[in-house]
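What's in structure.cif: mmCIF, C-alpha atoms
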```
data_work
loop_
_atom_site.label_atom_id
_atom_site.label_comp_id
_atom_site.auth_asym_id
_atom_site.auth_seq_id
_atom_site.Cartn_x
_atom_site.Cartn_y
_atom_site.Cartn_z
CA MET Q 680 82.29 65.60 102.84
CA GLU Q 681 83.26 68.03 105.61
CA THR Q 682 85.37 70.52 103.66
CA SER Q 683 83.65 73.79 104.51
CA ILE Q 684 86.31 76.28 105.54
CA ASP Q 685 85.74 78.47 108.57
CA TRP Q 686 86.28 81.85 106.93
CA GLU Q 687 86.13 83.69 110.24
CA LEU Q 688 89.18 81.77 111.43
CA VAL Q 689 91.03 82.40 108.17
CA ARG Q 690 90.36 86.11 108.48
CA GLU Q 691 91.52 86.15 112.09
CA ILE Q 692 94.77 84.40 111.20
CA ALA Q 693 95.49 86.70 108.24
CA SER Q 694 94.71 89.74 110.37
CA CYS Q 695 97.02 88.50 113.13
CA VAL Q 696 99.87 87.97 110.68
CA PHE Q 697 99.45 91.48 109.23
CA ILE Q 698 99.21 93.14 112.65
CA LEU Q 699 102.18 91.33 114.13
CA SER Q 700 104.41 92.10 111.14
CA GLY Q 701 103.32 95.75 111.23
CA ALA Q 702 104.00 96.04 114.95
CA GLY Q 703 107.37 94.35 114.37
CA PHE Q 704 108.30 96.92 111.73
CA MET Q 705 107.35 99.73 114.10
CA LEU Q 706 109.34 98.19 116.94
CA ILE Q 707 112.41 97.84 114.72
CA ALA Q 708 111.95 101.46 113.64
CA SER Q 709 111.88 102.59 117.27
CA ILE Q 710 115.04 100.62 118.07
CA GLY Q 711 116.69 102.22 115.05
CA LEU Q 712 115.62 105.64 116.30
CA LEU Q 713 117.78 105.01 119.35
CA ARG Q 714 120.70 103.33 117.62
CA PHE Q 715 121.54 105.38 114.55
CA PRO Q 716 124.21 108.00 115.03
CA ASP Q 717 122.97 111.08 113.19
CA PHE Q 718 119.77 113.00 112.57
CA TYR Q 719 119.60 112.51 108.80
CA ILE Q 720 120.14 108.74 108.99
CA ARG Q 721 117.41 108.46 111.60
CA MET Q 722 115.11 110.61 109.52
CA SER Q 723 115.58 108.72 106.28
CA ALA Q 724 115.45 105.28 107.86
CA ILE Q 725 112.83 105.57 110.54
CA THR Q 726 109.76 107.48 109.44
CA LYS Q 727 109.21 105.18 106.46
CA GLY Q 728 109.50 102.05 108.56
CA SER Q 729 106.78 103.32 110.84
CA THR Q 730 104.65 104.30 107.84
CA LEU Q 731 104.88 100.80 106.37
CA GLY Q 732 104.10 99.27 109.76
CA LEU Q 733 101.03 101.48 110.12
CA GLY Q 734 99.83 100.48 106.65
CA LEU Q 735 100.20 96.78 107.50
CA ILE Q 736 98.27 97.17 110.78
CA LEU Q 737 95.46 99.04 109.01
CA MET Q 738 95.22 96.39 106.30
CA GLY Q 739 95.01 93.74 109.01
CA MET Q 740 92.06 95.55 110.53
CA ALA Q 741 90.31 95.89 107.15
CA ILE Q 742 90.72 92.15 106.55
CA TYR Q 743 89.27 91.32 109.95
CA PHE Q 744 86.16 93.52 109.73
CA ASN Q 745 85.47 92.76 106.04
CA GLN Q 746 83.00 95.62 105.57
CA PRO Q 747 83.14 98.10 102.68
CA GLY Q 748 82.73 101.18 104.89
CA ILE Q 749 85.66 100.20 107.07
CA LEU Q 750 87.75 99.35 104.00
CA LEU Q 751 87.06 102.84 102.63
CA LYS Q 752 88.06 104.52 105.90
CA VAL Q 753 91.21 102.41 106.10
CA LEU Q 754 92.14 103.36 102.54
CA VAL Q 755 91.60 107.03 103.43
CA ILE Q 756 93.95 106.77 106.42
CA ILE Q 757 96.58 104.92 104.35
CA ALA Q 758 96.38 107.57 101.62
CA PHE Q 759 96.77 110.38 104.19
CA THR Q 760 99.79 108.83 105.87
CA TYR Q 761 101.50 107.84 102.64
CA ILE Q 762 101.05 111.30 101.14
CA THR Q 763 101.96 113.31 104.22
CA ALA Q 764 104.91 111.26 105.53
CA PRO Q 765 107.43 112.17 102.77
CA VAL Q 766 106.29 115.81 102.79
CA ALA Q 767 106.89 116.09 106.52
CA ALA Q 768 110.24 114.29 106.21
CA HIS Q 769 111.34 116.61 103.42
CA VAL Q 770 110.32 119.75 105.31
CA ILE Q 771 112.03 118.72 108.54
CA GLY Q 772 115.18 117.56 106.72
CA ARG Q 773 115.43 120.81 104.78
CA THR Q 774 114.94 122.83 107.95
CA ALA Q 775 117.69 120.82 109.64
CA VAL Q 776 120.12 121.44 106.77
CA GLN Q 777 119.39 125.15 106.78
CA ASN Q 778 119.85 125.31 110.55
CA GLY Q 779 123.22 123.59 110.37
CA ILE Q 780 122.52 120.31 112.15
CA ALA Q 781 125.73 118.31 111.91
CA PHE Q 782 126.14 115.31 109.63
CA TRP Q 783 127.74 112.05 110.75
CA GLU Q 784 131.50 112.21 110.33
CA LYS Q 785 131.59 109.31 107.85
CA THR Q 786 129.05 110.96 105.55
CA ASN Q 787 130.34 111.56 102.04
CA LEU Q 788 129.54 115.21 101.38
CA LYS Q 789 131.55 115.66 98.18
CA GLU Q 790 128.67 116.66 95.93
CA PHE Q 791 126.92 118.70 98.62
CA ARG Q 792 129.80 121.08 99.32
CA GLU Q 793 128.78 123.50 96.61
CA TYR Q 794 125.25 123.90 97.95
CA LEU Q 795 126.49 124.41 101.50
CA THR Q 796 129.09 127.01 100.65
CA LYS Q 797 126.60 128.88 98.51
CA HIS Q 798 123.95 129.00 101.21
CA ARG Q 799 126.32 129.79 104.03
CA LEU Q 800 127.78 132.65 102.02
CA GLU Q 801 124.34 134.01 101.35
CA ARG Q 802 123.46 133.81 104.99
CA GLN Q 803 126.62 135.55 106.08
CA ILE Q 804 125.92 138.33 103.65
CA ASN Q 805 122.40 138.66 104.98
CA GLN Q 806 123.19 138.46 108.66
CA ASP Q 807 126.26 137.70 110.67
CA ARG Q 808 124.58 135.76 113.42
CA TYR Q 809 124.78 132.34 111.81
CA THR Q 810 128.21 131.26 113.02
CA GLU Q 811 127.58 132.21 116.60
CA GLU Q 812 123.94 131.30 116.71
CA ALA Q 813 123.94 127.69 115.48
CA PRO Q 814 126.33 126.07 118.02
CA VAL Q 815 124.73 127.98 120.88
CA THR Q 816 121.31 126.59 119.96
CA MET Q 817 122.68 123.07 119.97
CA GLU Q 818 124.37 123.40 123.33
CA LYS Q 819 121.21 124.76 124.84
CA ASP Q 820 119.35 121.73 123.53
CA GLY Q 821 121.29 119.25 125.58
CA GLY Q 822 124.99 119.46 124.78
CA ALA Q 823 125.15 117.30 121.67
CA GLY Q 824 128.06 114.94 121.47
CA ASP Q 825 127.90 114.80 117.71
CA VAL Q 826 128.17 118.47 116.96
CA ALA Q 827 131.13 117.88 114.71
CA GLY Q 828 131.82 121.57 114.47
CA LYS Q 829 130.68 122.04 110.93
CA VAL Q 830 127.87 121.00 108.71
CA MET Y 601 90.14 84.69 126.05
CA SER Y 602 91.05 83.26 122.69
CA ILE Y 603 94.42 83.14 121.00
CA PHE Y 604 93.28 85.91 118.66
CA GLN Y 605 92.76 88.34 121.54
CA ILE Y 606 96.08 87.37 123.09
CA THR Y 607 97.81 88.14 119.80
CA LEU Y 608 96.16 91.55 119.69
CA ILE Y 609 97.27 92.28 123.24
CA VAL Y 610 100.81 91.28 122.28
CA GLY Y 611 100.54 93.79 119.44
CA ILE Y 612 99.47 96.53 121.85
CA VAL Y 613 102.35 95.67 124.17
CA MET Y 614 104.82 95.94 121.27
CA GLN Y 615 103.41 99.36 120.39
CA SER Y 616 103.74 100.46 124.00
CA VAL Y 617 107.40 99.46 124.00
CA CYS Y 618 107.74 101.57 120.84
CA LEU Y 619 106.23 104.53 122.69
CA LEU Y 620 108.69 104.06 125.51
CA LEU Y 621 111.73 103.92 123.19
CA THR Y 622 110.47 106.98 121.32
CA ALA Y 623 110.04 108.81 124.62
CA ILE Y 624 113.69 108.11 125.45
CA ARG Y 625 114.75 109.65 122.15
CA PHE Y 626 112.40 112.55 122.82
CA ALA Y 627 114.11 113.15 126.15
CA ILE Y 628 117.75 112.82 125.12
CA GLY Y 629 117.45 113.97 121.49
CA PRO Y 630 120.30 116.43 121.05
CA THR Y 631 118.57 118.86 118.70
CA LEU Y 632 115.07 120.17 118.15
CA PRO Y 633 114.49 118.39 114.79
CA ASP Y 634 115.25 115.10 116.54
CA ARG Y 635 112.38 115.76 118.85
CA VAL Y 636 110.08 116.61 115.98
CA THR Y 637 110.94 113.26 114.38
CA ALA Y 638 110.22 111.50 117.65
CA PHE Y 639 106.88 113.30 117.82
CA ASP Y 640 106.05 112.03 114.34
CA LEU Y 641 106.73 108.48 115.44
CA PHE Y 642 104.60 109.07 118.55
CA VAL Y 643 101.59 109.89 116.42
CA ALA Y 644 102.09 106.83 114.21
CA ASN Y 645 102.33 104.59 117.28
CA VAL Y 646 99.21 106.05 118.83
CA ILE Y 647 97.28 105.49 115.60
CA GLY Y 648 98.47 101.89 115.61
CA ILE Y 649 97.31 101.41 119.21
CA ILE Y 650 93.90 102.89 118.39
CA VAL Y 651 93.53 100.58 115.40
CA ILE Y 652 94.41 97.45 117.37
CA PHE Y 653 92.09 98.55 120.17
CA THR Y 654 89.28 98.96 117.62
CA GLU Y 655 89.80 95.40 116.52
CA LEU Y 656 89.97 94.16 120.12
CA THR Y 657 86.71 95.76 121.22
CA ASN Y 658 84.85 95.29 117.90
CA ASN Y 659 83.69 98.89 118.11
CA GLU Y 660 83.98 100.60 114.73
CA ASP Y 661 83.62 104.15 115.97
CA PHE Y 662 87.25 104.50 116.97
CA ILE Y 663 88.46 104.58 113.36
CA ASP Y 664 87.29 108.16 112.99
CA VAL Y 665 89.67 109.10 115.79
CA ALA Y 666 92.50 107.51 113.79
CA ILE Y 667 91.56 109.50 110.67
CA ILE Y 668 91.59 112.80 112.54
CA LEU Y 669 94.80 111.94 114.38
CA SER Y 670 96.58 111.11 111.12
CA LEU Y 671 95.68 114.57 109.85
CA PHE Y 672 96.66 116.43 112.99
CA GLY Y 673 100.00 114.64 113.32
CA PHE Y 674 100.99 115.94 109.91
CA LEU Y 675 99.87 119.46 110.82
CA GLY Y 676 101.85 119.27 114.06
CA SER Y 677 105.14 118.24 112.49
CA ILE Y 678 104.79 120.77 109.68
CA SER Y 679 104.10 123.62 112.08
CA PHE Y 680 107.02 122.58 114.29
CA ALA Y 681 109.32 122.60 111.28
CA TYR Y 682 108.07 126.06 110.31
CA TYR Y 683 108.60 127.25 113.87
CA ILE Y 684 112.21 125.99 113.91
CA MET Y 685 112.78 127.70 110.58
CA ARG Y 686 111.50 130.98 111.97
CA ILE Y 687 113.25 131.09 115.34
CA THR Y 688 116.74 130.46 114.00
CA LYS Y 689 116.69 132.82 111.06
CA MET X 826 93.99 112.21 85.05
CA ARG X 827 90.51 113.72 85.14
CA LEU X 828 89.10 110.66 83.40
CA LEU X 829 90.61 108.41 86.04
CA LEU X 830 88.94 110.45 88.79
CA ILE X 831 85.55 110.37 87.06
CA HIS X 832 85.79 106.63 86.50
CA THR X 833 86.77 105.99 90.12
CA ILE X 834 83.82 107.98 91.49
CA LEU X 835 81.42 106.29 89.03
CA ALA X 836 82.64 102.82 89.93
CA ALA X 837 82.41 103.59 93.65
CA PHE X 838 78.80 104.74 93.24
CA VAL X 839 77.91 101.62 91.26
CA ALA X 840 79.58 99.39 93.85
CA TYR X 841 77.65 101.14 96.60
CA PHE X 842 74.17 101.28 95.07
CA ALA X 843 74.21 97.86 93.43
CA PHE X 844 73.93 96.22 96.82
CA GLN X 845 70.88 98.27 97.80
CA HIS X 846 68.89 96.80 94.91
CA PRO X 847 66.70 93.73 95.61
CA ILE X 848 68.29 91.75 92.74
CA THR X 849 71.51 91.31 94.67
CA SER X 850 69.95 90.39 97.99
CA GLY X 851 71.53 86.93 97.82
CA VAL X 852 75.05 88.32 97.52
CA PRO X 853 76.67 89.17 100.87
CA TYR X 854 77.67 92.83 101.23
CA THR X 855 81.29 92.39 102.26
CA ALA X 856 84.55 94.11 101.43
CA ILE X 857 85.56 91.36 99.01
CA SER X 858 82.39 91.44 96.91
CA ALA X 859 82.34 95.24 96.86
CA THR X 860 86.00 95.37 95.78
CA LEU X 861 85.38 92.81 93.04
CA LEU X 862 82.40 94.77 91.71
CA PHE X 863 84.43 97.99 91.84
CA ALA X 864 87.27 96.35 89.90
CA ALA X 865 84.85 94.93 87.34
CA VAL X 866 83.25 98.34 86.70
CA MET X 867 86.67 100.01 86.45
CA GLY X 868 87.81 97.34 84.01
CA THR X 869 84.74 97.77 81.81
CA LEU X 870 85.18 101.54 81.73
CA TRP X 871 88.87 101.07 80.96
CA LEU X 872 88.07 98.78 78.02
CA SER X 873 85.57 101.30 76.71
CA THR X 874 88.22 104.03 76.53
CA TYR X 875 89.87 102.07 73.71
CA PHE X 876 87.42 103.76 71.37
CA TYR X 877 87.75 107.37 72.45
CA ARG X 878 90.88 107.93 74.57
CA ARG X 879 93.87 105.81 73.54
CA THR X 880 96.39 107.45 75.89
CA TYR X 881 94.35 106.56 78.96
CA PHE X 882 93.96 103.04 77.62
CA ARG X 883 97.72 102.70 77.46
CA LYS X 884 98.56 104.48 80.71
CA LEU X 885 96.40 102.65 83.26
CA PRO X 886 98.35 99.33 83.09
CA LYS X 887 101.57 101.31 83.40
CA LEU X 888 100.19 103.04 86.50
CA LEU X 889 99.30 99.70 88.11
CA TYR X 890 102.71 98.27 87.21
CA PHE X 891 104.39 101.36 88.70
CA ILE X 892 102.48 100.94 91.97
CA LEU X 893 103.51 97.27 92.18
CA PHE X 894 107.15 98.17 91.46
CA PHE X 895 107.02 100.82 94.15
CA ILE X 896 105.57 98.46 96.77
CA LYS X 897 108.34 95.97 95.94
CA GLU X 898 111.01 98.65 96.40
CA LEU X 899 109.41 99.75 99.69
CA LEU X 900 109.43 96.23 101.13
CA VAL X 901 112.97 95.41 99.99
CA ALA X 902 114.43 98.63 101.38
CA ASN X 903 112.55 98.26 104.65
CA LEU X 904 113.81 94.72 105.14
CA LYS X 905 117.36 95.87 104.37
CA ILE X 906 117.21 98.59 107.02
CA ALA X 907 115.52 96.26 109.51
CA TYR X 908 118.36 93.76 109.06
CA ASP X 909 120.84 96.56 109.59
CA ILE X 910 119.15 97.72 112.78
CA ILE X 911 118.92 94.36 114.50
CA THR X 912 122.48 93.27 113.71
CA PRO X 913 125.19 94.91 115.81
CA ARG X 914 127.30 96.44 113.03
CA PHE X 915 126.15 99.10 110.58
CA ARG X 916 126.77 98.57 106.88
CA ILE X 917 125.55 102.03 105.89
CA GLN X 918 127.59 104.48 103.82
CA PRO X 919 125.64 107.74 104.05
CA THR X 920 126.13 110.05 101.09
CA VAL X 921 124.58 113.27 99.89
CA MET X 922 124.42 113.13 96.13
CA ALA X 923 123.47 115.72 93.56
CA PHE X 924 121.04 114.02 91.24
CA PRO X 925 120.69 115.68 87.82
CA LEU X 926 117.01 115.96 86.97
CA THR X 927 115.59 115.22 83.57
CA VAL X 928 112.00 115.85 84.67
CA LYS X 929 111.03 119.47 84.28
CA THR X 930 107.58 120.47 85.51
CA ASP X 931 106.56 121.08 89.12
CA LEU X 932 104.29 118.04 89.27
CA GLU X 933 107.00 115.65 88.07
CA ILE X 934 109.65 117.03 90.39
CA SER X 935 107.42 116.87 93.45
CA LEU X 936 106.27 113.37 92.50
CA LEU X 937 109.86 112.18 92.19
CA ALA X 938 110.91 113.84 95.45
CA ASN X 939 107.94 112.35 97.29
CA LEU X 940 108.58 108.86 95.96
CA LEU X 941 112.25 109.12 96.92
CA GLY X 942 111.21 110.36 100.34
CA LEU X 943 108.86 107.45 100.83
CA THR X 944 111.46 104.81 100.04
CA PRO X 945 113.55 104.04 103.11
CA GLY X 946 117.19 104.92 102.81
CA THR X 947 116.70 107.99 100.65
CA LEU X 948 115.63 111.46 101.76
CA SER X 949 115.23 114.32 99.34
CA ILE X 950 116.71 117.42 100.92
CA ASP X 951 116.39 120.26 98.48
CA VAL X 952 116.05 121.29 94.85
CA SER X 953 118.52 123.77 93.45
CA GLU X 954 117.09 127.09 92.39
CA ASP X 955 117.43 126.51 88.66
CA ARG X 956 115.65 123.16 89.06
CA THR X 957 118.34 121.03 87.53
CA THR X 958 119.61 119.23 90.61
CA LEU X 959 117.93 117.33 93.41
CA TYR X 960 119.98 116.80 96.55
CA VAL X 961 119.30 113.34 97.96
CA HIS X 962 120.61 111.83 101.18
CA THR X 963 121.07 108.08 100.72
CA LEU X 964 122.19 105.29 103.01
CA TYR X 965 123.08 102.45 100.69
CA LEU X 966 125.12 102.61 97.54
CA LYS X 967 124.41 100.00 94.89
CA HIS X 968 127.60 98.04 94.16
CA GLY X 969 129.55 100.61 96.11
CA ASN X 970 129.55 103.44 93.62
CA LEU X 971 127.34 106.45 93.14
CA GLU X 972 126.82 106.17 89.39
CA SER X 973 124.93 102.89 89.45
CA LEU X 974 122.58 104.25 92.12
CA LYS X 975 121.90 107.28 89.96
CA GLN X 976 121.26 104.98 87.00
CA HIS X 977 118.85 102.96 89.15
CA ILE X 978 116.86 106.04 90.12
CA LYS X 979 116.90 107.33 86.56
CA ASN X 980 115.73 104.06 85.02
CA GLY X 981 113.48 102.93 87.84
CA TYR X 982 111.59 106.05 88.90
CA GLU X 983 112.24 108.89 86.51
CA ARG X 984 111.58 107.02 83.27
CA ARG X 985 108.28 105.66 84.58
CA ILE X 986 107.16 109.09 85.83
CA LEU X 987 107.95 110.55 82.41
CA GLU X 988 105.96 107.76 80.76
CA LEU X 989 102.98 108.45 82.99
CA THR X 990 102.87 112.23 82.73
CA ALA X 991 103.91 112.57 79.08
#
```

Could I get this file's structure written as structure tokens?
Amino acid sequence: METSIDWELVREIASCVFILSGAGFMLIASIGLLRFPDFYIRMSAITKGSTLGLGLILMGMAIYFNQPGILLKVLVIIAFTYITAPVAAHVIGRTAVQNGIAFWEKTNLKEFREYLTKHRLERQINQDRYTEEAPVTMEKDGGAGDVAGKV
Amino acid sequence: MSIFQITLIVGIVMQSVCLLLTAIRFAIGPTLPDRVTAFDLFVANVIGIIVIFTELTNNEDFIDVAIILSLFGFLGSISFAYYIMRITK
Amino acid sequence: MRLLLIHTILAAFVAYFAFQHPITSGVPYTAISATLLFAAVMGTLWLSTYFYRRTYFRKLPKLLYFILFFIKELLVANLKIAYDIITPRFRIQPTVMAFPLTVKTDLEISLLANLLGLTPGTLSIDVSEDRTTLYVHTLYLKHGNLESLKQHIKNGYERRILELTA
């Protein structure tokens, strides 16, 4: 009756599957970072793909080592990344909107118009530099092709 | 060299290709927030490489590096965002 | 909330010190056995709250169910975007929508914005100053119109958050 399973091998295979799928998610995210046309689409699509890929890789490592201390450290890293990733995405996205980074031209901005007009008016009351300053910053940063003129 | 180690090395190679693609976006990225996003993805890729390397060498001490890096990546992107907010206002 | 924290710390201590005792020397100290012991202690403590804290007794299964639902959403949206990236044509219809909030407190709003920010395809941009509207940048519209997506967020995320924090 030779039915004893080699648990080491099972753990190695499970760990390999997790790590390869995680690395695949990260690779797809990096390709998307190059392919998508506009900052906000990249932002909302990419950072989460890399976060999920990182979580999968970490789980693969926890399965391979199979020690409680390592599992605890892995859970700590997963908690950090999953808490901080949306906060960072929100902060950078909000900064980009307030600095007037252009949207893709096919973006449907119907419900956002009110917010934009309100904030641009406020800014023009506060200081007049906004309309000159924003396009100049973009040109300095590499001559964007997708500066569609307006936010 | 077993198949397991070869798979791990394939994982590291995939992560390195990710780093390369992210570096291209970092170089051409039209605006500053694009570069901050690319930096975020850099940090995630480096953490992934460290984790796979830990598994490859069976040395558990490298995980602490990953913990600290995951904290400092967040601090870096937040402070960059704050900096962009300040210089353009 | 505080009870959950106390129970987690207690169960972690039990799962750590139980393996130092000579009784359990036959049991291997691995991640699986430690996790099973941790889950068993948490489950016992959860059952004991039936007698003195009914709300916690009702909320913990909902919390677990919410986490499972969220992982499902995360995987589905990630696979959708991955399919979109590796095929040559984009099927995205990016839209910025104004989502009317029914959650009121700071904790609920930040929880909702963070969960929306963690799901691929949506990015929470800003909250209006009177805290009635959340501006969300989305990539995919459900069935092509905005209203069904808003209904999905309202029934999927917001209702569960209200159930948990109420």

Separation of atom CA of Leu619 of chain Y from atom CA of Asn645 of chain Y in Å: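 Between atom CA of Asn645 of chain Y and atom CA of Leu619 of chain Y the gap is 6.7 Å.
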
What residues come out when you apply the PyMOL selection byres ((chain Q) within 8 of (chain Y)) to this file, written as a VMD selection string? chain Q and resid 691 to 692 695 698 to 699 702 to 703 705 to 706 709 to 710 712 to 713 718 722 726 729 to 730 733 736 to 737 740 743 to 744 749 752 755 to 756 759 to 760 763 to 764 767 770 to 771 774 to 775 778 780 812 to 813 817 820 to 824

List as a PyMOL selection string the protein and nucleic acid residues near Leu900 of chain X, meaning an atom at most 10 Å away when all atoms listed in the file are counted, but skip any in the same chain fewer than 6 places from it. (chain Q and resi 728+731) or (chain X and resi 944-945)

How would the residues just chosen look if you wrote them out with C-alpha atoms as a CSV table (one decimal), in the frame of the given file?
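Printed below is again.csv as written:
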```csv
chain,number,residue,atom,x,y,z
Q,728,GLY,CA,109.5,102.0,108.6
Q,731,LEU,CA,104.9,100.8,106.4
X,944,THR,CA,111.5,104.8,100.0
X,945,PRO,CA,113.6,104.0,103.1
```

Residue IDs satisfying the PyMOL selection byres ((chain X) within 9 of (chain Q)), as a ChimeraX atom specification: /X:841,854-860,899-900,903-904,906-907,909-911,915,918-923,938-951,953,960,962-964

So what do you get for atom CA of Pro925 of chain X versus atom CA of Thr958 of chain X, distance-wise?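 Pair atom CA of Pro925 of chain X / atom CA of Thr958 of chain X returns 4.6 Å.
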
For Leu862 of chain X, work out the shell of residues within 9 Å, counting all atoms listed in the file and skipping chain neighbours fewer than 6 positions away, then give it as a count of residues only. 4

Quote the spacing between atom CA of Arg827 of chain X and atom CA of Thr927 of chain X in Å to one decimal place. 25.2 Å

Residues matched by the PyMOL selection byres ((chain X and resi 875-885) around 12) as a ChimeraX atom specification: /X:826-830,832,867-874,886-892,985-991

Nearest-residue call for Thr930 of chain X, choices X:Ile896, X:Arg956, X:Arg916, X:Glu983, using only C-alpha atoms: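 Closest candidate: X:Arg956.
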